[in-house]
file my_file-v6.txt (compact mmCIF, C-alpha atoms)
# COMPACT_ATOMS: atom_id res chain seq x y z
CA MET D 166 11.67 12.10 -9.16
CA GLN D 167 9.35 9.64 -7.43
CA THR D 168 10.80 7.07 -5.06
CA LYS D 169 9.17 3.84 -3.98
CA THR D 170 8.95 3.03 -0.31
CA SER D 171 10.46 -0.39 0.24
CA LEU D 172 7.91 -2.84 1.58
CA SER D 173 9.19 -4.53 4.72
CA GLU D 174 8.10 -5.85 8.10
CA SER D 175 9.19 -2.55 9.59
CA LEU D 176 6.92 -0.62 7.23
CA VAL D 177 3.98 -2.91 8.04
CA LYS D 178 4.51 -2.26 11.75
CA GLN D 179 4.67 1.49 11.06
CA LEU D 180 1.42 1.35 9.07
CA HIS D 181 -0.23 -0.63 11.85
CA SER D 182 1.02 1.86 14.42
CA LEU D 183 -0.61 4.70 12.48
CA ILE D 184 -3.88 2.78 12.23
CA LEU D 185 -4.08 1.84 15.91
CA ARG D 186 -2.45 4.92 17.45
CA GLY D 187 -5.78 6.50 18.42
CA ILE D 188 -7.48 3.18 19.23
CA ASP D 189 -4.98 1.07 21.16
CA ARG D 190 -1.69 2.91 21.64
CA GLU D 191 -0.22 0.07 23.72
CA ASN D 192 -0.52 -2.49 20.90
CA ALA D 193 0.02 -0.14 17.95
CA GLY D 194 2.83 -1.43 15.75
CA ARG D 195 3.45 -4.52 17.91
CA TYR D 196 2.88 -8.14 17.05
CA ARG D 197 0.31 -9.81 19.27
CA SER D 198 1.37 -11.75 22.35
CA VAL D 199 -1.88 -13.67 22.81
CA PRO D 200 -3.73 -16.30 20.76
CA VAL D 201 -6.66 -15.00 18.71
CA MET D 202 -9.73 -16.34 16.98
CA ILE D 203 -11.42 -14.69 14.01
CA ALA D 204 -15.16 -14.33 14.51
CA GLY D 205 -17.11 -16.22 11.86
CA SER D 206 -14.07 -18.03 10.47
CA ARG D 207 -12.90 -21.61 10.82
CA HIS D 208 -9.31 -20.45 10.22
CA VAL D 209 -7.16 -20.43 13.35
CA PRO D 210 -4.28 -17.95 13.11
CA PRO D 211 -0.81 -19.09 14.22
CA GLN D 212 0.12 -18.94 17.86
CA PRO D 213 1.77 -15.68 18.98
CA TRP D 214 5.23 -17.23 19.23
CA GLN D 215 4.93 -18.22 15.53
CA VAL D 216 4.02 -14.74 14.29
CA PRO D 217 7.55 -13.27 13.86
CA MET D 218 8.71 -16.34 11.92
CA ARG D 219 5.58 -16.35 9.74
CA MET D 220 5.96 -12.63 8.98
CA GLU D 221 9.60 -13.22 8.09
CA GLU D 222 8.47 -15.98 5.69
CA CYS D 223 5.87 -13.62 4.25
CA PHE D 224 8.49 -11.02 3.41
CA ARG D 225 10.87 -13.65 2.11
CA PHE D 226 8.07 -14.62 -0.31
CA TYR D 227 7.66 -10.94 -1.23
CA GLY D 228 11.38 -10.56 -1.94
CA GLU D 229 11.42 -13.67 -4.11
CA LYS D 230 8.22 -12.91 -6.03
CA LYS D 231 8.06 -9.12 -6.36
CA GLU D 232 9.68 -9.17 -9.80
CA LEU D 233 8.01 -12.41 -10.96
CA LEU D 234 4.30 -12.04 -10.17
CA HIS D 235 1.90 -9.65 -11.82
CA PRO D 236 1.50 -6.64 -9.46
CA VAL D 237 -2.20 -7.34 -8.86
CA GLU D 238 -1.45 -10.96 -7.98
CA LEU D 239 1.45 -9.89 -5.73
CA ALA D 240 -0.75 -7.33 -3.96
CA ALA D 241 -3.52 -9.89 -3.39
CA GLU D 242 -1.01 -12.50 -2.19
CA MET D 243 0.53 -10.15 0.34
CA HIS D 244 -2.87 -9.05 1.58
CA GLU D 245 -3.99 -12.67 2.01
CA ARG D 246 -0.73 -13.77 3.66
CA ILE D 247 -0.69 -10.94 6.21
CA VAL D 248 -4.36 -11.20 7.12
CA THR D 249 -4.03 -15.00 7.44
CA ILE D 250 -1.10 -14.66 9.85
CA HIS D 251 -3.17 -12.11 11.77
CA PRO D 252 -0.01 -10.66 13.36
CA PHE D 253 -1.72 -7.95 15.39
CA ILE D 254 -4.35 -8.02 18.12
CA ASP D 255 -6.52 -5.64 16.04
CA GLY D 256 -6.29 -3.83 12.70
CA ASN D 257 -5.08 -6.77 10.59
CA GLY D 258 -7.57 -6.23 7.76
CA ARG D 259 -6.90 -2.51 7.56
CA THR D 260 -3.14 -3.04 7.62
CA SER D 261 -3.18 -5.79 4.98
CA ARG D 262 -5.40 -3.68 2.70
CA LEU D 263 -2.98 -0.76 3.04
CA VAL D 264 -0.07 -3.05 2.10
CA MET D 265 -2.05 -4.35 -0.89
CA ASN D 266 -2.86 -0.84 -2.06
CA LEU D 267 0.71 0.36 -1.56
CA ILE D 268 1.90 -2.41 -3.90
CA LEU D 269 -0.80 -1.54 -6.43
CA LEU D 270 -0.01 2.18 -6.36
CA GLN D 271 3.73 1.56 -6.68
CA HIS D 272 3.02 -0.29 -9.92
CA GLY D 273 0.65 2.32 -11.35
CA TYR D 274 -2.62 0.56 -10.51
CA PRO D 275 -5.56 2.15 -8.72
CA ILE D 276 -6.37 1.14 -5.18
CA ALA D 277 -8.58 -1.90 -4.72
CA ASN D 278 -11.52 -0.64 -2.72
CA ILE D 279 -13.51 -3.48 -1.22
CA PRO D 280 -17.10 -2.20 -1.19
CA GLY D 281 -18.95 -2.24 2.11
CA ASP D 282 -22.14 -3.77 0.76
CA THR D 283 -23.12 -7.17 2.13
CA GLU D 284 -22.59 -9.07 -1.12
CA SER D 285 -19.04 -7.74 -1.61
CA ARG D 286 -18.04 -8.34 2.00
CA LEU D 287 -19.41 -11.89 1.95
CA ALA D 288 -17.54 -12.62 -1.30
CA TYR D 289 -14.35 -11.20 0.26
CA TYR D 290 -14.68 -13.29 3.44
CA ALA D 291 -15.59 -16.43 1.47
CA ALA D 292 -12.55 -16.05 -0.79
CA LEU D 293 -10.30 -15.50 2.24
CA GLU D 294 -11.78 -18.53 3.97
CA THR D 295 -11.10 -20.66 0.88
CA ALA D 296 -7.49 -19.46 0.77
CA ASN D 297 -7.05 -20.05 4.51
CA LEU D 298 -8.58 -23.51 4.72
CA ASP D 299 -7.99 -25.06 1.30
CA GLY D 300 -4.96 -23.16 0.04
CA GLY D 301 -7.02 -22.16 -3.00
CA LYS D 302 -5.88 -18.59 -3.53
CA GLN D 303 -7.21 -18.11 -7.05
CA PRO D 304 -10.72 -16.98 -5.98
CA PHE D 305 -9.19 -14.32 -3.72
CA ILE D 306 -6.73 -13.12 -6.38
CA LEU D 307 -9.53 -12.93 -8.97
CA LEU D 308 -11.76 -11.05 -6.53
CA ILE D 309 -9.05 -8.47 -5.84
CA GLY D 310 -8.35 -8.24 -9.58
CA GLY D 311 -12.03 -7.49 -10.13
CA PHE D 312 -11.91 -4.67 -7.57
CA VAL D 313 -8.82 -3.22 -9.29
CA LEU D 314 -10.54 -3.45 -12.69
CA ALA D 315 -13.66 -1.75 -11.34
CA ALA D 316 -11.52 1.06 -9.92
CA ALA D 317 -9.67 1.48 -13.23
CA ARG D 318 -13.00 1.66 -15.09
CA ARG D 319 -14.30 4.31 -12.67
CA LEU D 320 -11.14 6.37 -13.14
CA ALA D 321 -11.33 6.06 -16.93
CA GLN D 322 -14.96 7.13 -16.81
CA LEU D 323 -14.08 10.15 -14.66
CA ALA D 324 -11.34 11.06 -17.13
CA GLY D 325 -13.90 10.98 -19.94
CA ASN D 326 -12.66 7.79 -21.56
CA ASP D 327 -14.98 4.92 -22.23
CA ALA D 328 -13.58 1.79 -20.59
CA PRO D 329 -14.57 -1.66 -21.79
call {"tool": "encode", "arguments": {"input": "my_file-v6.txt", "output": "structure tokens"}}
result
Amino acid sequence: MQTKTSLSESLVKQLHSLILRGIDRENAGRYRSVPVMIAGSRHVPPQPWQVPMRMEECFRFYGEKKELLHPVELAAEMHERIVTIHPFIDGNGRTSRLVMNLILLQHGYPIANIPGDTESRLAYYAALETANLDGGKQPFILLIGGFVLAAARRLAQLAGNDAP
């Protein structure tokens, strides 16, 4: 019998702790206590004193929407919300991508791998910037959906099935 790990703030902190353990043990699994800026972005993350409240709101959203939204949309939303809050001093992108992929895997979808090529990264950052500054989340959700579809096609191809 397979059990699903319940997504929570505590789990996000544990994931972050695992990511940063060998890089910055002091800040691993802890919300930031200093203001931050994101290089190359016009988005200004919330002040450190706002982070716990914003993360609580993020998980309230998750609790309210986890049964209502399509899993790919929910995964993209949670990724975007966490990375926008930027709750940690470092490792926010890695942590939010792990959360996104946990949601996808729990619903039977393949992981959304964001390719490292320049075009894919620029599209990813542009879609995040649009969501952060304009509130237009659709480009980001569609981008993540495209990555999930590409992964599903690769898996189908590996399994010997022709995917559309």
call {"tool": "residues_around", "arguments": {"input": "my_file-v6.txt", "residues": "stretch 176-191 of chain D", "least_positions_apart": "4", "cutoff": "7 Å", "atoms": "all atoms listed in the file", "output": "list in words"}}
result
Leu172, Arg195, Gly256 and Thr260 of chain D
call {"tool": "write_last_selection", "arguments": {"input": "my_file-v6.txt", "atoms": "C-alpha atoms", "output": "PDB file, keeping the file's coordinate frame"}}
result
ATOM      1  CA  LEU D 172       7.910  -2.840   1.580  1.00  0.00           C
ATOM      2  CA  ARG D 195       3.450  -4.520  17.910  1.00  0.00           C
ATOM      3  CA  GLY D 256      -6.290  -3.830  12.700  1.00  0.00           C
ATOM      4  CA  THR D 260      -3.140  -3.040   7.620  1.00  0.00           C
TER       5      THR D 260
END
call {"tool": "closest_residue", "arguments": {"input": "my_file-v6.txt", "among": "D:Met243, D:Ala291, D:Val264, D:Ile276", "to": "D:Gly228", "atoms": "only C-alpha atoms"}}
result
D:Met243
call {"tool": "residues_around", "arguments": {"input": "my_file-v6.txt", "residues": "D:His235", "least_positions_apart": "6", "cutoff": "12 Å", "atoms": "only C-alpha atoms", "output": "list in words"}}
result
Ala241, Glu242, Ile268, Leu269, His272, Tyr274, Ile306 and Gly310 of chain D
call {"tool": "closest_residue", "arguments": {"input": "my_file-v6.txt", "among": "D:Ala315, D:Ala193, D:Leu323, D:Leu233", "to": "D:Pro275", "atoms": "all atoms listed in the file"}}
result
D:Ala315
call {"tool": "closest_residue", "arguments": {"input": "my_file-v6.txt", "among": "D:Trp214, D:Tyr196, D:Gly311, D:Gln271", "to": "D:Tyr289", "atoms": "only C-alpha atoms"}}
result
D:Gly311
call {"tool": "axis_aligned_box", "arguments": {"input": "my_file-v6.txt", "around": "stretch 236-251 of chain D", "padding_each_side": "5 Å", "output": "lines of an AutoDock Vina configuration file"}}
result
center_x = -1.4
center_y = -10.8
center_z = 1.2
size_x = 15.9
size_y = 18.4
size_z = 31.2
call {"tool": "residues_near_point", "arguments": {"input": "my_file-v6.txt", "point": "(-6.1, -9.0, 2.9)", "cutoff": "9 Å", "atoms": "only C-alpha atoms", "output": "count of residues only"}}
result
21
call {"tool": "residues_around", "arguments": {"input": "my_file-v6.txt", "residues": "D:Ile254", "least_positions_apart": "6", "cutoff": "8 Å", "atoms": "all atoms listed in the file", "output": "list in words"}}
result
Asn192, Tyr196, Arg197, Val199 and Val201 of chain D
call {"tool": "closest_residue", "arguments": {"input": "my_file-v6.txt", "among": "D:Glu294, D:Leu270, D:Gly194, D:Phe226", "to": "D:Pro210", "atoms": "all atoms listed in the file"}}
result
D:Glu294
call {"tool": "atom_distance", "arguments": {"input": "my_file-v6.txt", "atom1": "atom CA of D:Glu284", "atom2": "atom CA of D:Leu308"}}
result
12.3 Å
call {"tool": "closest_residue", "arguments": {"input": "my_file-v6.txt", "among": "D:Leu239, D:Glu229, D:Gly325, D:Phe312", "to": "D:Ala277", "atoms": "all atoms listed in the file"}}
result
D:Phe312
call {"tool": "atom_distance", "arguments": {"input": "my_file-v6.txt", "atom1": "atom CA of D:Lys230", "atom2": "atom CA of D:Val209"}}
result
25.9 Å
call {"tool": "atom_distance", "arguments": {"input": "my_file-v6.txt", "atom1": "atom CA of D:Gly301", "atom2": "atom CA of D:Arg318"}}
result
27.4 Å
call {"tool": "closest_residue", "arguments": {"input": "my_file-v6.txt", "among": "D:Gln322, D:Gln212, D:Thr170, D:Asn297", "to": "D:Pro252", "atoms": "all atoms listed in the file"}}
result
D:Gln212
call {"tool": "build_atoms", "arguments": {"input": "my_file-v6.txt", "residues": "stretch 265-283 of chain D", "atoms": "N, CA and C atoms", "output": "mmCIF file, keeping the file's coordinate frame"}}
result
data_model
loop_
_atom_site.group_PDB
_atom_site.id
_atom_site.type_symbol
_atom_site.label_atom_id
_atom_site.label_comp_id
_atom_site.auth_asym_id
_atom_site.auth_seq_id
_atom_site.Cartn_x
_atom_site.Cartn_y
_atom_site.Cartn_z
ATOM 1 N N MET D 265 -1.586 -4.005 0.454
ATOM 2 C CA MET D 265 -2.050 -4.350 -0.890
ATOM 3 C C MET D 265 -2.104 -3.107 -1.772
ATOM 4 N N ASN D 266 -2.703 -2.048 -1.255
ATOM 5 C CA ASN D 266 -2.860 -0.840 -2.060
ATOM 6 C C ASN D 266 -1.548 -0.107 -2.277
ATOM 7 N N LEU D 267 -0.626 -0.205 -1.349
ATOM 8 C CA LEU D 267 0.710 0.360 -1.560
ATOM 9 C C LEU D 267 1.385 -0.334 -2.750
ATOM 10 N N ILE D 268 1.306 -1.648 -2.793
ATOM 11 C CA ILE D 268 1.900 -2.410 -3.900
ATOM 12 C C ILE D 268 1.234 -2.003 -5.223
ATOM 13 N N LEU D 269 -0.087 -1.926 -5.210
ATOM 14 C CA LEU D 269 -0.800 -1.540 -6.430
ATOM 15 C C LEU D 269 -0.386 -0.151 -6.903
ATOM 16 N N LEU D 270 -0.371 0.808 -5.993
ATOM 17 C CA LEU D 270 -0.010 2.180 -6.360
ATOM 18 C C LEU D 270 1.423 2.272 -6.858
ATOM 19 N N GLN D 271 2.330 1.523 -6.247
ATOM 20 C CA GLN D 271 3.730 1.560 -6.680
ATOM 21 C C GLN D 271 3.900 1.045 -8.107
ATOM 22 N N HIS D 272 2.945 0.252 -8.566
ATOM 23 C CA HIS D 272 3.020 -0.290 -9.920
ATOM 24 C C HIS D 272 2.061 0.404 -10.888
ATOM 25 N N GLY D 273 1.494 1.528 -10.462
ATOM 26 C CA GLY D 273 0.650 2.320 -11.350
ATOM 27 C C GLY D 273 -0.799 1.871 -11.434
ATOM 28 N N TYR D 274 -1.235 1.028 -10.523
ATOM 29 C CA TYR D 274 -2.620 0.560 -10.510
ATOM 30 C C TYR D 274 -3.422 1.367 -9.504
ATOM 31 N N PRO D 275 -4.729 1.466 -9.721
ATOM 32 C CA PRO D 275 -5.560 2.150 -8.720
ATOM 33 C C PRO D 275 -5.744 1.278 -7.484
ATOM 34 N N ILE D 276 -6.139 1.910 -6.403
ATOM 35 C CA ILE D 276 -6.370 1.140 -5.180
ATOM 36 C C ILE D 276 -7.562 0.207 -5.369
ATOM 37 N N ALA D 277 -7.495 -0.929 -4.699
ATOM 38 C CA ALA D 277 -8.580 -1.900 -4.720
ATOM 39 C C ALA D 277 -9.472 -1.615 -3.526
ATOM 40 N N ASN D 278 -10.571 -0.949 -3.786
ATOM 41 C CA ASN D 278 -11.520 -0.640 -2.720
ATOM 42 C C ASN D 278 -12.503 -1.797 -2.609
ATOM 43 N N ILE D 279 -12.578 -2.387 -1.442
ATOM 44 C CA ILE D 279 -13.510 -3.480 -1.220
ATOM 45 C C ILE D 279 -14.816 -2.844 -0.725
ATOM 46 N N PRO D 280 -15.848 -2.863 -1.556
ATOM 47 C CA PRO D 280 -17.100 -2.200 -1.190
ATOM 48 C C PRO D 280 -17.668 -2.728 0.123
ATOM 49 N N GLY D 281 -18.389 -1.872 0.813
ATOM 50 C CA GLY D 281 -18.950 -2.240 2.110
ATOM 51 C C GLY D 281 -20.298 -2.918 2.053
ATOM 52 N N ASP D 282 -20.832 -3.117 0.832
ATOM 53 C CA ASP D 282 -22.140 -3.770 0.760
ATOM 54 C C ASP D 282 -22.013 -5.234 1.173
ATOM 55 N N THR D 283 -23.112 -5.808 1.596
ATOM 56 C CA THR D 283 -23.120 -7.170 2.130
ATOM 57 C C THR D 283 -22.587 -8.182 1.133
#
